[in-house]
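Student: Submitted below is the structure of interest, expressed as structure tokens.
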Amino acid sequence: MRRVVITGIGLVSPLASGTEATWERLIAGKSGAGPIDLFDTKDVPCKIAFQVPWNDGRGGGSPDDPHSFDPDKAASAKERRRIDEFILYALAAADECVADSGWTPETDHDKERTGVLIGSGIGGLQSIYDTAITLHTQGARRVSPFFIPSALINLASGQVSIRHGFKGPNHSVVTACATGAHAIGDSARLIKYGDADVMLAGGAEAVICEIGIAGFCAAKAMSTNFNDTPEKASRPYDRDRDGFVMGEGAATVMLEEYEHAKARGAKIYAEVVGYGLTGDAYHITAPAEGSEGGYRAMKMALGHSGLDVSEIDYVNTHGTSTPKGDEGEIGAVERLFGDHAKNLSLSSTKSAVGHLLGAAGAIESAFCALAIRDQIMPPTLNLDNPSVDTPIDLIPHKAKKGQVRAAMSNSFGFGGTNACLIMKQVD
Amino acid sequence: MSDVFERVKKIVVENLDVEADKVAESASFIDDLGADSLDLVELVMAFEEEFNIEIPDDVQENIRTVGDAVTHIKAHVS
């Protein structure tokens with residue numbers, strides 16, 4: 001069986017633009033949360049989010065911070081008019097991922113063996129909103145020819161393939177908050193099956209807009225009690241949590257067949273050894289009782305990995321900071337790990353970067369790969385008073401140094417879709 | 001309407017992200033200014049908005065150069 005390893009990472013996150021800066025700030029216990037400055041929040045009950053910091057000051061960024069997002073570096077002004085922001089973030093994350101991996105195919109063969117699979121939970125919502133207004137006020141003749149290609153979810157994969165000349169499988173995933181994990185898992189399968197040797201995979205999201213926030217608020221999914229203290233709002237497993245806090249950005253990983261990576265002397269972060277995916281068949285927004293579907297996804301991934309639970313040291317949970325979801329997932333993890341639960345460490349990095357929806361599974365998988373590389377596990381911020389009694393170390397407040405031989409990443413989405421990935425150290 | 005060319009030029013520079021001195025009357029949008037078919041649609045929409053005119057689809061197909069656009073606009077702006 002062909003093995004699949006991660007040889008590159010690219011991140012545009014609410015902590016920073018760039019993988020190392022994001023990781024450094026995550027490990028330092030920083031939070032990317034702040035007041036929303038993208039629209040007037042007077043009519044929505046949730047007024048905070050984890051925005052990507054831009055170098056023009058947007059989202060708490062600064063021209064003096066070299067790790068604030070620079071839109072000019074990501075795409076020209078002309079290109080930017082043709083793409084929604086989720087694609088802009090995807091392009092930037094993909095650029096970093098390609099550079100980090102050192103994989104820049106020149107021959108037709110190498111290009112055709114390299115694919116792209118970037119998903120998004122919602123896609124170009126702001127573009128759809130803006131165009132609906134134009135249609136309503138100015139009529140159909142004023143709808144831009146770039147509207148559809150700017151908003152389509154698979155155009156993230158399309159734009160990245162055009163920029164880098166990747167002619168292999170060009171695909172996308174749309175599974176709400178499990179998108180990023182499914183993108184990586186499905187890409188690994190494409191490589192295992194032989195359809196590609198290299199896949200740039202991940203997720204991108206940018207829906208911190210009025211219609212996006214209003215929609216999730218209407219579904220009673222968002223935090224509303226911490227508008228004055230944004231950094232305290234995302235608090236998975238804490239008794240005072242009251243909903244998720246939205247994030248934005250993009251995360252991509254370069255997946256590569258192991259012998260292919262070895263032959264070119266590529267740096268290897270980790271091997272993707274397990275992937276599981278299930279459906280709850282239960283409710284459109286609520287997770288099944290006891291995270292039953294999540295449990296089966298973890299069990300399936302574990303089966304594929306060939307690992308024993310005692311070989312997994314860290315779990316990056318879905319843990320969105322909603323009252324309903326968090327405890328069910330902990331119960332499912334305990335059930336899977338059994339007696340080994342007491343040796344296990346677990347955290348929800350949504351406490352530091354928020355919920356990146358369709359990019360969540362991808363950024364969290366990247367964090368697992370970095371945890372394996374550096375043998376350190378990121379913390380769960382704001383976990384002052386756990387609402388769960390568990391033998392698992394939930395890594396409150398501060399990052400934890402320790403052995404990370406293998407790590408698991410969970411992602412669950414609306415519609416009752418669940419994905420689990422397991423990565424392990426390559427000897 | 002002597003400024004029609006200058007106004008067209010300004011729109012072309014903004015939309016196509018090209019140097020102003022490249023926007024001559026003889027310049028072809030596609031061959032000289034790097035536009036694709038979608039850019040052309042957007043350009044025509046910008047002309048319609050700027051000059052408050054409607055350029056029918058069959059006319060759009062014949063607008064290939066900056067000069068074509070200027071000529072059409074001059075003929076339809078009162």
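Chain labels follow the order of the structure tokens: the first chain is A, the next B, and so on; residue numbering restarts at 1 in every chain, and ligands are counted from 1 in their shown order.
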Using only C-alpha atoms and a cut-off of 7 Å, which residues of chain B sit close to chain A? Please list them as a PyMOL selection string.
Tutor: chain B and resi 15-17+38+41-42+45
Student: Just want the 12 Å neighbourhood of Val59 in chain B, counted on only C-alpha atoms, with same-chain residues fewer than 2 positions away dropped. Output as number ranges by chain.
Tutor: B: 41, 44, 54-57, 61-64, 68-69, 71-73, 76
Student: Any idea what the distance is between CA of Ala261 in chain A and CA of Val4 in chain A?
Tutor: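 Between CA of Ala261 in chain A and CA of Val4 in chain A the gap is 9.1 Å.
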Student: Do a neighbour search on Asn343 in chain A at 10 Å with only C-alpha atoms, toss out local chain neighbours closer than 6 positions, and write the hits as a ChimeraX atom specification.
Tutor: /A:310,312-314,337,391-393
Student: Would you save the residues from that selection as a CSV table (one decimal), in the first residue's frame, using C-alpha atoms?
Tutor:
chain,number,residue,atom,x,y,z
A,310,SER,CA,-1.9,3.5,23.4
A,312,ILE,CA,-1.8,8.0,20.2
A,313,ASP,CA,-0.7,10.8,22.5
A,314,TYR,CA,-2.7,13.8,21.4
A,337,PHE,CA,-9.3,5.2,24.4
A,391,PRO,CA,-9.0,11.5,33.2
A,392,ILE,CA,-7.8,13.1,30.0
A,393,ASP,CA,-5.5,16.1,30.2
Student: Just the residues within 8 Å of range 106-122 of chain A, please, counting only C-alpha atoms, with nothing from its chain fewer than 6 positions along; format it as a PyMOL selection string.
Tutor: chain A and resi 86+90+153-154+156-158+160-161+165-177+179-180+183-184+187+195-205+207+252+357-359
Student: Quick check for you: according to DSSP on this backbone, which residues of range 166-376 of chain A are classed as strand (DSSP E or B)? Reply as number ranges by chain.
Tutor: A: 170-171, 198-205, 222, 238, 244, 246-247, 249-257, 270-279, 314-316, 345-347, 355, 376
Student: Let's have the selection written as an mmCIF file, in the first residue's frame, with C-alpha atoms.
Tutor:
data_model
loop_
_atom_site.group_PDB
_atom_site.id
_atom_site.type_symbol
_atom_site.label_atom_id
_atom_site.label_comp_id
_atom_site.auth_asym_id
_atom_site.auth_seq_id
_atom_site.Cartn_x
_atom_site.Cartn_y
_atom_site.Cartn_z
ATOM 1 C CA ASN A 170 -8.858 19.000 -9.336
ATOM 2 C CA HIS A 171 -11.532 18.528 -6.768
ATOM 3 C CA VAL A 198 1.187 14.832 -4.738
ATOM 4 C CA MET A 199 -1.975 16.638 -3.610
ATOM 5 C CA LEU A 200 -2.266 20.167 -2.256
ATOM 6 C CA ALA A 201 -5.201 19.784 0.141
ATOM 7 C CA GLY A 202 -7.046 21.904 2.655
ATOM 8 C CA GLY A 203 -9.856 24.317 3.318
ATOM 9 C CA ALA A 204 -10.635 28.019 3.091
ATOM 10 C CA GLU A 205 -13.355 30.182 4.614
ATOM 11 C CA MET A 222 -22.737 31.537 18.428
ATOM 12 C CA ASP A 238 -15.486 25.429 30.290
ATOM 13 C CA PHE A 244 -18.756 29.084 18.980
ATOM 14 C CA MET A 246 -16.278 32.353 14.027
ATOM 15 C CA GLY A 247 -12.824 32.353 12.485
ATOM 16 C CA GLY A 249 -8.578 31.981 6.812
ATOM 17 C CA ALA A 250 -7.144 29.057 4.909
ATOM 18 C CA ALA A 251 -5.008 26.042 5.670
ATOM 19 C CA THR A 252 -3.312 23.767 3.169
ATOM 20 C CA VAL A 253 -0.968 20.810 3.397
ATOM 21 C CA MET A 254 1.124 19.185 0.697
ATOM 22 C CA LEU A 255 0.384 15.464 0.758
ATOM 23 C CA GLU A 256 2.889 13.286 -1.002
ATOM 24 C CA GLU A 257 3.480 9.627 -1.635
ATOM 25 C CA ALA A 270 4.172 13.394 9.572
ATOM 26 C CA GLU A 271 2.469 10.485 7.874
ATOM 27 C CA VAL A 272 -1.299 10.406 7.357
ATOM 28 C CA VAL A 273 -2.142 6.902 8.529
ATOM 29 C CA GLY A 274 -5.826 6.961 9.395
ATOM 30 C CA TYR A 275 -9.016 8.437 7.982
ATOM 31 C CA GLY A 276 -12.570 7.751 9.050
ATOM 32 C CA LEU A 277 -15.841 9.285 7.916
ATOM 33 C CA THR A 278 -19.409 8.693 9.039
ATOM 34 C CA GLY A 279 -22.867 10.218 9.145
ATOM 35 C CA TYR A 314 -2.704 13.791 21.438
ATOM 36 C CA VAL A 315 -6.185 14.531 20.129
ATOM 37 C CA ASN A 316 -7.090 17.880 18.554
ATOM 38 C CA SER A 345 -3.755 14.782 26.133
ATOM 39 C CA LEU A 346 -6.404 16.686 24.247
ATOM 40 C CA SER A 347 -7.045 20.291 23.314
ATOM 41 C CA HIS A 355 -13.964 28.078 14.329
ATOM 42 C CA ILE A 376 4.630 19.977 21.974
#
Student: Quick one, how far is CA of Gln159 in chain A from CA of Cys209 in chain A?
Tutor: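 CA of Cys209 in chain A lies at a distance of 22.7 Å from CA of Gln159 in chain A.
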Student: Taking the chain letters and numbering used in this document, name the residues of chain B that DSSP puts in alpha helix (DSSP H), as a ChimeraX atom specification.
Tutor: /B:4-16,37-51,57-60,66-76
Student: Could you tell me how far CA of Phe69 in chain A lies from CA of Ala16 in chain A, in Å and to one decimal?
Tutor: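 CA of Ala16 in chain A lies 7.2 Å from CA of Phe69 in chain A.
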Student: Near range 230-235 of chain A, counting only C-alpha atoms, which residues have an atom at most 10 Å away, once you skip same-chain residues fewer than 2 positions from it, shown as number ranges by chain?
Tutor: A: 30-36, 47-50, 222-228, 237-246, 319-322, 348-355, 380-386
Student: Between A:Ala341, A:Ala297, A:Ile211, A:Ile363, which one has atoms that come closest to Asp280 in chain A, using only C-alpha atoms?
Tutor: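 Counting only C-alpha atoms, the residue closest to Asp280 in chain A is A:Ala297.
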Student: Give the answer as one residue: which of A:Pro236, A:Ala206, A:Gly18, A:Gly194 has the shortest atom-to-atom distance to Gln51 in chain A, using only C-alpha atoms?
Tutor: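 Once distances to Gln51 in chain A are computed over only C-alpha atoms, the minimum belongs to A:Ala206.
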Student: Please identify all polymer residues within 6 Å of Gly361 in chain A, counting only C-alpha atoms, omitting same-chain residues fewer than 6 positions from it, and present them as a ChimeraX atom specification.
Tutor: /A:178,180-181,411
